[in-house]
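Q: Next comes target.txt, compact mmCIF, C-alpha atoms and all ligand atoms:
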```txt
# COMPACT_ATOMS: atom_id res chain seq x y z
CA MET A 190 0.00 0.00 0.00
CA SER A 191 2.75 2.42 0.87
CA PHE A 192 4.83 1.54 -2.18
CA PRO A 193 2.52 3.06 -4.86
CA GLU A 194 2.05 6.18 -2.71
CA GLY A 195 5.77 6.59 -2.37
CA ASP A 196 6.16 6.07 -6.09
CA ALA A 197 3.49 8.67 -6.81
CA LEU A 198 5.16 11.16 -4.49
CA GLY A 199 8.47 10.47 -6.10
CA TYR A 200 6.99 11.09 -9.50
CA ASN A 201 5.29 14.33 -8.43
CA GLY A 202 8.50 15.46 -6.81
CA SER A 203 10.46 14.98 -10.01
CA ALA A 204 7.83 16.70 -12.12
CA LEU A 205 7.90 19.72 -9.83
CA ARG A 206 11.66 19.80 -9.86
CA ALA A 207 11.65 19.59 -13.63
CA GLU A 208 9.15 22.42 -13.85
CA HIS A 209 11.13 24.49 -11.37
CA GLU A 210 14.30 23.99 -13.39
CA LEU A 211 12.44 24.99 -16.54
CA HIS A 212 11.37 28.24 -14.88
CA ALA A 213 14.89 28.85 -13.64
CA ASN A 214 16.18 28.42 -17.20
CA VAL A 215 13.56 30.77 -18.61
CA GLU A 216 14.49 33.35 -15.97
CA ALA A 217 18.18 32.97 -16.75
CA GLN A 218 17.47 33.42 -20.45
CA MET A 219 15.32 36.46 -19.77
CA SER A 220 17.94 38.16 -17.64
CA ALA A 221 20.58 37.33 -20.28
CA SER A 222 18.43 38.95 -22.95
CA ASP A 223 17.74 41.94 -20.67
CA HIS A 224 21.50 42.32 -20.33
CA PHE A 225 22.01 42.10 -24.10
CA SER A 226 19.29 44.68 -24.58
CA THR A 227 20.87 47.10 -22.08
CA VAL A 228 24.30 46.77 -23.64
CA ILE A 229 23.00 47.22 -27.20
CA GLU A 230 21.04 50.32 -26.12
CA ASP A 231 24.18 51.80 -24.49
CA VAL A 232 26.43 51.09 -27.45
CA LEU A 233 23.78 52.42 -29.83
CA GLN A 234 23.72 55.73 -27.92
CA GLN A 235 27.53 55.88 -28.17
CA PHE A 236 27.34 55.11 -31.86
CA LEU A 237 24.79 57.88 -32.44
CA THR A 238 26.74 60.53 -30.51
CA ASP A 239 30.36 59.57 -31.24
CA ALA A 240 32.22 61.13 -34.09
CA SER A 241 33.31 57.64 -35.11
CA PRO A 242 34.14 57.07 -38.76
CA ALA A 243 30.79 55.65 -39.82
CA PRO A 244 28.94 56.69 -42.96
CA PRO A 245 26.62 59.57 -41.92
CA GLU A 246 23.62 57.92 -43.53
CA LEU A 247 24.25 54.85 -41.36
CA ARG A 248 23.78 56.96 -38.26
CA ASP A 249 20.47 58.27 -39.61
CA ILE A 250 19.29 54.73 -40.36
CA ALA A 251 20.41 53.47 -36.93
CA ALA A 252 18.56 56.29 -35.19
CA ARG A 253 15.42 55.85 -37.26
CA ALA A 254 15.22 52.06 -36.99
CA HIS A 255 16.74 51.90 -33.48
CA VAL A 256 19.33 49.31 -34.47
CA LEU A 257 23.04 49.07 -33.71
CA PRO A 258 25.08 48.60 -36.92
CA LEU A 259 27.40 45.64 -36.39
CA MET A 260 29.25 45.42 -39.70
CA TRP A 261 28.85 46.87 -43.16
CA ASP A 262 30.45 46.86 -46.57
CA TRP A 263 29.75 48.36 -49.97
CA GLY A 264 26.50 46.39 -50.28
CA GLY A 265 24.74 46.76 -47.00
CA CYS A 266 24.78 46.30 -43.28
CA PHE A 267 24.08 43.83 -40.49
CA ALA A 268 22.66 45.37 -37.34
CA ALA A 269 21.34 44.25 -33.96
CA ARG A 270 18.02 45.15 -32.40
CA PRO A 271 18.01 45.49 -28.60
CA ASN A 272 15.64 42.49 -28.47
CA GLY A 273 18.47 40.30 -29.80
CA GLU A 274 17.36 40.07 -33.42
CA ILE A 275 19.99 40.50 -36.12
CA ILE A 276 18.75 42.25 -39.22
CA SER A 277 20.26 43.11 -42.58
CA PHE A 278 19.53 45.79 -45.12
CA LEU A 279 20.99 47.10 -48.35
CA TRP A 280 22.11 50.72 -48.82
CA ASP A 281 19.68 51.04 -51.73
CA GLU A 282 16.68 50.20 -49.57
CA PRO A 283 17.52 50.76 -45.90
CA ASP A 284 13.89 50.58 -44.81
CA ASN A 285 13.57 47.08 -46.19
CA MET A 286 15.09 45.23 -43.23
CA HIS A 287 15.33 41.46 -43.24
CA LEU A 288 15.60 39.28 -40.20
CA ALA A 289 18.91 37.41 -40.44
CA THR A 290 18.55 33.90 -39.13
CA GLY A 291 21.38 31.48 -38.64
CA ALA A 292 23.96 31.26 -35.88
CA HIS A 293 26.89 31.99 -38.19
CA ILE A 294 25.41 35.39 -39.20
CA ARG A 295 24.92 36.26 -35.56
CA ASN A 296 28.45 35.06 -34.72
CA MET A 297 29.92 37.05 -37.59
CA GLY A 298 28.03 40.21 -36.68
CA LEU A 299 28.95 40.11 -33.01
CA TYR A 300 32.58 39.11 -33.62
CA GLN A 301 33.16 41.86 -36.15
CA ALA A 302 31.25 44.41 -34.07
CA ALA A 303 33.34 43.61 -30.97
CA LYS A 304 36.41 44.95 -32.81
CA ARG A 305 34.59 48.27 -33.11
CA TYR A 306 32.78 48.23 -29.76
CA PRO A 307 34.87 46.30 -27.17
CA THR A 308 31.88 46.14 -24.78
CA LEU A 309 30.40 43.55 -27.13
CA GLN A 310 33.30 41.11 -26.60
CA GLN A 311 31.24 39.44 -23.86
CA PHE A 312 28.77 38.28 -26.52
CA ILE A 313 31.31 36.61 -28.79
CA PRO A 314 30.26 32.96 -28.74
CA CYS A 315 32.62 30.28 -27.46
CA ARG A 316 33.46 27.60 -29.96
CA PRO A 317 31.12 24.63 -29.38
CA ALA A 318 32.74 21.21 -29.12
CA ASP A 319 31.04 20.05 -32.32
CA ALA A 320 31.92 23.13 -34.40
CA LEU A 321 33.84 22.57 -37.61
CA ASP A 322 36.92 24.38 -38.86
CA CYS A 323 35.91 26.89 -41.50
CA PRO A 324 36.91 25.41 -44.87
CA GLN A 325 37.28 28.84 -46.51
CA CYS A 326 40.03 30.11 -44.18
CA ASN A 327 41.21 26.70 -42.90
CA GLY A 328 40.20 27.61 -39.39
CA THR A 329 42.42 30.70 -39.21
CA GLY A 330 39.66 33.31 -39.52
CA HIS A 331 41.80 35.14 -42.08
CA LEU A 332 41.33 34.96 -45.82
CA PRO A 333 44.36 34.46 -48.08
CA GLU A 334 46.33 37.57 -49.07
CA LEU A 335 44.71 37.78 -52.49
CA PHE A 336 41.42 38.95 -50.92
CA PRO A 337 41.01 42.66 -50.22
CA LYS A 338 41.85 43.45 -46.59
CA ASN A 339 38.32 44.39 -45.56
CA PHE A 340 36.78 41.14 -46.82
CA VAL A 341 35.43 39.05 -43.99
CA CYS A 342 35.44 35.26 -44.22
CA SER A 343 32.04 33.58 -44.17
CA CYS A 344 32.82 32.31 -40.66
CA GLY A 345 32.96 35.94 -39.58
CA GLY A 346 36.64 35.69 -38.63
CA LEU A 347 36.07 33.15 -35.86
CA GLY A 348 37.63 30.31 -37.85
CA TRP A 349 34.79 27.86 -37.13
CA LEU A 350 31.24 27.25 -38.22
CA PRO A 351 28.36 25.92 -36.13
CA HIS A 352 27.89 22.21 -36.68
CA ASP A 353 24.20 22.48 -37.58
CA GLU A 354 24.90 24.95 -40.39
CA THR A 355 27.65 23.12 -42.21
ZN ZN B 1 36.58 31.30 -42.19
```
Output the structure of this file as structure tokens.

A:
Amino acid sequence: MSFPEGDALGYNGSALRAEHELHANVEAQMSASDHFSTVIEDVLQQFLTDASPAPPELRDIAARAHVLPLMWDWGGCFAARPNGEIISFLWDEPDNMHLATGAHIRNMGLYQAAKRYPTLQQFIPCRPADALDCPQCNGTGHLPELFPKNFVCSCGGLGWLPHDET
């Protein structure tokens, strides 16, 4: 008689623990995203007020769309929203912003942006155990000399690519 009761209690106990852990994870994720949001807001304010060598139109776009430009080239720009989304747009149509999905885009944006804004270094992802060496730069993060200096490897300069995107 006592055995099934004990079993039931044990089961309920585990379910509660599991649910508690789930909540703890959600809270941890929320405070991490709050932190990201605060940092992006701060750096965006710096970007908008600093006399840093950014194209003037980029500052207008960043102010209007409330996004922090992470990296840009002749074609367009990757930028971060304070809510953690990474977006891209072309210079020709800056109001046509696309949500950039994919961990390697996020990695690239944050890694390149951290060179410009050192506060963002805390968001550079650690290399996961199952990541693969980038085949384009042979894991060095640097493209061969024949590429123009400002070209960024498709790994973003990290030298590795997430396993699920290779
Ligand atoms: Zn690479």

Q: Using only C-alpha atoms and all ligand atoms, pick whichever of A:Leu237, A:Leu321, A:Leu299, A:Ile229 has the shortest atom-to-atom distance to ligand ZN 1 (chain B).

A: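 Closest candidate: A:Leu321.
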
Q: Restrict the calculation to all atoms listed in the file, then for each residue of chain A with any atom at most 9 Å from an atom of ligand ZN 1 (chain B) give the closest atom pair and their distance in Å to one decimal, rows by chain and rising residue number, as JSON lines.

A:
```
{"residue": "A:Asp322", "atom": "CA", "partner": "B:ZN1", "partner_atom": "ZN", "distance": 7.7}
{"residue": "A:Cys323", "atom": "CA", "partner": "B:ZN1", "partner_atom": "ZN", "distance": 4.5}
{"residue": "A:Pro324", "atom": "CA", "partner": "B:ZN1", "partner_atom": "ZN", "distance": 6.5}
{"residue": "A:Gln325", "atom": "CA", "partner": "B:ZN1", "partner_atom": "ZN", "distance": 5.0}
{"residue": "A:Cys326", "atom": "CA", "partner": "B:ZN1", "partner_atom": "ZN", "distance": 4.2}
{"residue": "A:Asn327", "atom": "CA", "partner": "B:ZN1", "partner_atom": "ZN", "distance": 6.6}
{"residue": "A:Gly328", "atom": "CA", "partner": "B:ZN1", "partner_atom": "ZN", "distance": 5.9}
{"residue": "A:Thr329", "atom": "CA", "partner": "B:ZN1", "partner_atom": "ZN", "distance": 6.6}
{"residue": "A:Gly330", "atom": "CA", "partner": "B:ZN1", "partner_atom": "ZN", "distance": 4.5}
{"residue": "A:His331", "atom": "CA", "partner": "B:ZN1", "partner_atom": "ZN", "distance": 6.5}
{"residue": "A:Leu332", "atom": "CA", "partner": "B:ZN1", "partner_atom": "ZN", "distance": 7.0}
{"residue": "A:Val341", "atom": "CA", "partner": "B:ZN1", "partner_atom": "ZN", "distance": 8.0}
{"residue": "A:Cys342", "atom": "CA", "partner": "B:ZN1", "partner_atom": "ZN", "distance": 4.6}
{"residue": "A:Ser343", "atom": "CA", "partner": "B:ZN1", "partner_atom": "ZN", "distance": 5.5}
{"residue": "A:Cys344", "atom": "CA", "partner": "B:ZN1", "partner_atom": "ZN", "distance": 4.2}
{"residue": "A:Gly345", "atom": "CA", "partner": "B:ZN1", "partner_atom": "ZN", "distance": 6.4}
{"residue": "A:Gly346", "atom": "CA", "partner": "B:ZN1", "partner_atom": "ZN", "distance": 5.7}
{"residue": "A:Leu347", "atom": "CA", "partner": "B:ZN1", "partner_atom": "ZN", "distance": 6.6}
{"residue": "A:Gly348", "atom": "CA", "partner": "B:ZN1", "partner_atom": "ZN", "distance": 4.6}
{"residue": "A:Trp349", "atom": "CA", "partner": "B:ZN1", "partner_atom": "ZN", "distance": 6.4}
{"residue": "A:Leu350", "atom": "CA", "partner": "B:ZN1", "partner_atom": "ZN", "distance": 7.8}
```

Q: One number please: CA of Pro245 in chain A to CA of Thr308 in chain A, in Å, one decimal.

A: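 According to the coordinates, CA of Pro245 in chain A and CA of Thr308 in chain A are separated by 22.4 Å.
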
Q: CA of Asp319 in chain A and CA of Phe336 in chain A are how many Å apart?

A: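 Spanning CA of Asp319 in chain A to CA of Phe336 in chain A is a straight-line distance of 28.5 Å.
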
Q: I'd like the interatomic distance between CA of Arg316 in chain A and CA of Leu259 in chain A, to a tenth of an Å.

A: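 Computing it gives 20.1 Å between the two atoms.
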
Q: I need the residue nearest Phe340 in chain A from this list: A:Leu279, A:Met260, A:Ala289, A:Leu233. Use only C-alpha atoms for the distance.

A: A:Met260

Q: For Pro271 in chain A, please output as a list in words all residues within 10 Å (counting only C-alpha atoms; exclusion window: fewer than 4 positions along the same chain).

A: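 After dropping sequence-adjacent residues, the list is Ser222, Asp223, His224, Phe225, Ser226, Thr227, Val228, Ile229, Glu230, Asp231, Leu233, His255, Val256, Leu257 and Ile275 of chain A.
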
Q: Out of A:Pro317, A:Tyr306, A:Arg253, A:Gln311, which residue has the shortest atom-to-atom distance to Ala292 in chain A when counting only C-alpha atoms?

A: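 Checking each candidate against Ala292 in chain A, we get A:Pro317 as the closest.
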
Q: Residues within 7 Å of (25.2, 40.9, -30.5), file coordinates, counting all atoms listed in the file: what are they? Give the list as a PDB file with C-alpha atoms, in the coordinates of the input.

A:
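That gives us out_35.pdb:
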```
ATOM      1  CA  ALA A 269      21.340  44.250 -33.960  1.00  0.00           C
ATOM      2  CA  GLY A 273      18.470  40.300 -29.800  1.00  0.00           C
ATOM      3  CA  ARG A 295      24.920  36.260 -35.560  1.00  0.00           C
ATOM      4  CA  GLY A 298      28.030  40.210 -36.680  1.00  0.00           C
ATOM      5  CA  LEU A 299      28.950  40.110 -33.010  1.00  0.00           C
ATOM      6  CA  LEU A 309      30.400  43.550 -27.130  1.00  0.00           C
ATOM      7  CA  PHE A 312      28.770  38.280 -26.520  1.00  0.00           C
TER       8      PHE A 312
END
```

Q: Reconstruct all heavy atoms of range 278-289 of chain A; output as a compact mmCIF listing (two decimals), keeping the file's coordinate frame.

A:
```
# COMPACT_ATOMS: atom_id res chain seq x y z
N PHE A 278 20.17 44.95 -44.11
CA PHE A 278 19.53 45.79 -45.12
C PHE A 278 20.57 46.23 -46.14
O PHE A 278 21.78 46.18 -45.87
CB PHE A 278 18.84 47.02 -44.49
CG PHE A 278 19.77 47.92 -43.71
CD1 PHE A 278 20.48 48.93 -44.34
CD2 PHE A 278 19.94 47.75 -42.34
CE1 PHE A 278 21.34 49.76 -43.63
CE2 PHE A 278 20.81 48.58 -41.62
CZ PHE A 278 21.50 49.58 -42.27
N LEU A 279 20.11 46.61 -47.29
CA LEU A 279 20.99 47.10 -48.35
C LEU A 279 20.95 48.63 -48.35
O LEU A 279 19.94 49.23 -47.99
CB LEU A 279 20.53 46.56 -49.71
CG LEU A 279 20.45 45.04 -49.82
CD1 LEU A 279 19.89 44.62 -51.17
CD2 LEU A 279 21.82 44.41 -49.61
N TRP A 280 22.05 49.25 -48.80
CA TRP A 280 22.11 50.72 -48.82
C TRP A 280 21.01 51.30 -49.71
O TRP A 280 20.49 52.37 -49.45
CB TRP A 280 23.47 51.22 -49.32
CG TRP A 280 24.62 50.80 -48.48
CD1 TRP A 280 25.72 50.11 -48.89
CD2 TRP A 280 24.82 51.04 -47.08
NE1 TRP A 280 26.58 49.90 -47.84
CE2 TRP A 280 26.05 50.46 -46.71
CE3 TRP A 280 24.06 51.68 -46.09
CZ2 TRP A 280 26.54 50.51 -45.43
CZ3 TRP A 280 24.56 51.73 -44.79
CH2 TRP A 280 25.78 51.14 -44.47
N ASP A 281 20.70 50.56 -50.78
CA ASP A 281 19.68 51.04 -51.73
C ASP A 281 18.30 51.14 -51.09
O ASP A 281 17.49 51.97 -51.48
CB ASP A 281 19.55 50.06 -52.92
CG ASP A 281 20.81 50.04 -53.74
OD1 ASP A 281 21.65 50.93 -53.52
OD2 ASP A 281 20.96 49.14 -54.59
N GLU A 282 18.02 50.22 -50.19
CA GLU A 282 16.68 50.20 -49.57
C GLU A 282 16.79 49.94 -48.06
O GLU A 282 16.45 48.86 -47.58
CB GLU A 282 15.78 49.17 -50.25
CG GLU A 282 16.48 47.90 -50.66
CD GLU A 282 15.58 46.98 -51.47
OE1 GLU A 282 14.74 47.50 -52.25
OE2 GLU A 282 15.71 45.75 -51.31
N PRO A 283 17.25 50.95 -47.33
CA PRO A 283 17.52 50.76 -45.90
C PRO A 283 16.26 50.48 -45.06
O PRO A 283 16.37 49.97 -43.96
CB PRO A 283 18.17 52.08 -45.47
CG PRO A 283 17.79 53.06 -46.52
CD PRO A 283 17.62 52.29 -47.80
N ASP A 284 15.10 50.84 -45.59
CA ASP A 284 13.89 50.58 -44.81
C ASP A 284 13.37 49.17 -45.00
O ASP A 284 12.43 48.75 -44.34
CB ASP A 284 12.81 51.61 -45.15
CG ASP A 284 13.23 53.00 -44.69
OD1 ASP A 284 13.77 53.11 -43.57
OD2 ASP A 284 13.06 53.95 -45.46
N ASN A 285 13.97 48.46 -45.94
CA ASN A 285 13.57 47.08 -46.19
C ASN A 285 14.50 46.15 -45.40
O ASN A 285 15.45 45.61 -45.94
CB ASN A 285 13.66 46.82 -47.70
CG ASN A 285 13.04 45.49 -48.09
OD1 ASN A 285 12.45 44.82 -47.26
ND2 ASN A 285 13.22 45.12 -49.34
N MET A 286 14.20 46.00 -44.11
CA MET A 286 15.09 45.23 -43.23
C MET A 286 14.64 43.77 -43.17
O MET A 286 13.46 43.49 -43.03
CB MET A 286 15.10 45.84 -41.84
CG MET A 286 15.71 47.22 -41.84
SD MET A 286 16.04 47.86 -40.21
CE MET A 286 17.03 49.32 -40.63
N HIS A 287 15.62 42.90 -43.28
CA HIS A 287 15.33 41.46 -43.24
C HIS A 287 15.88 40.89 -41.95
O HIS A 287 16.99 41.23 -41.54
CB HIS A 287 16.00 40.75 -44.42
CG HIS A 287 15.33 41.04 -45.72
ND1 HIS A 287 14.28 40.31 -46.21
CD2 HIS A 287 15.56 42.03 -46.62
CE1 HIS A 287 13.90 40.81 -47.37
NE2 HIS A 287 14.66 41.87 -47.64
N LEU A 288 15.11 39.99 -41.37
CA LEU A 288 15.60 39.28 -40.20
C LEU A 288 16.65 38.27 -40.66
O LEU A 288 16.39 37.48 -41.56
CB LEU A 288 14.41 38.55 -39.55
CG LEU A 288 14.60 38.09 -38.12
CD1 LEU A 288 14.91 39.26 -37.20
CD2 LEU A 288 13.33 37.39 -37.65
N ALA A 289 17.85 38.35 -40.08
CA ALA A 289 18.91 37.41 -40.44
C ALA A 289 18.85 36.24 -39.47
O ALA A 289 19.02 36.42 -38.27
CB ALA A 289 20.26 38.10 -40.37
```
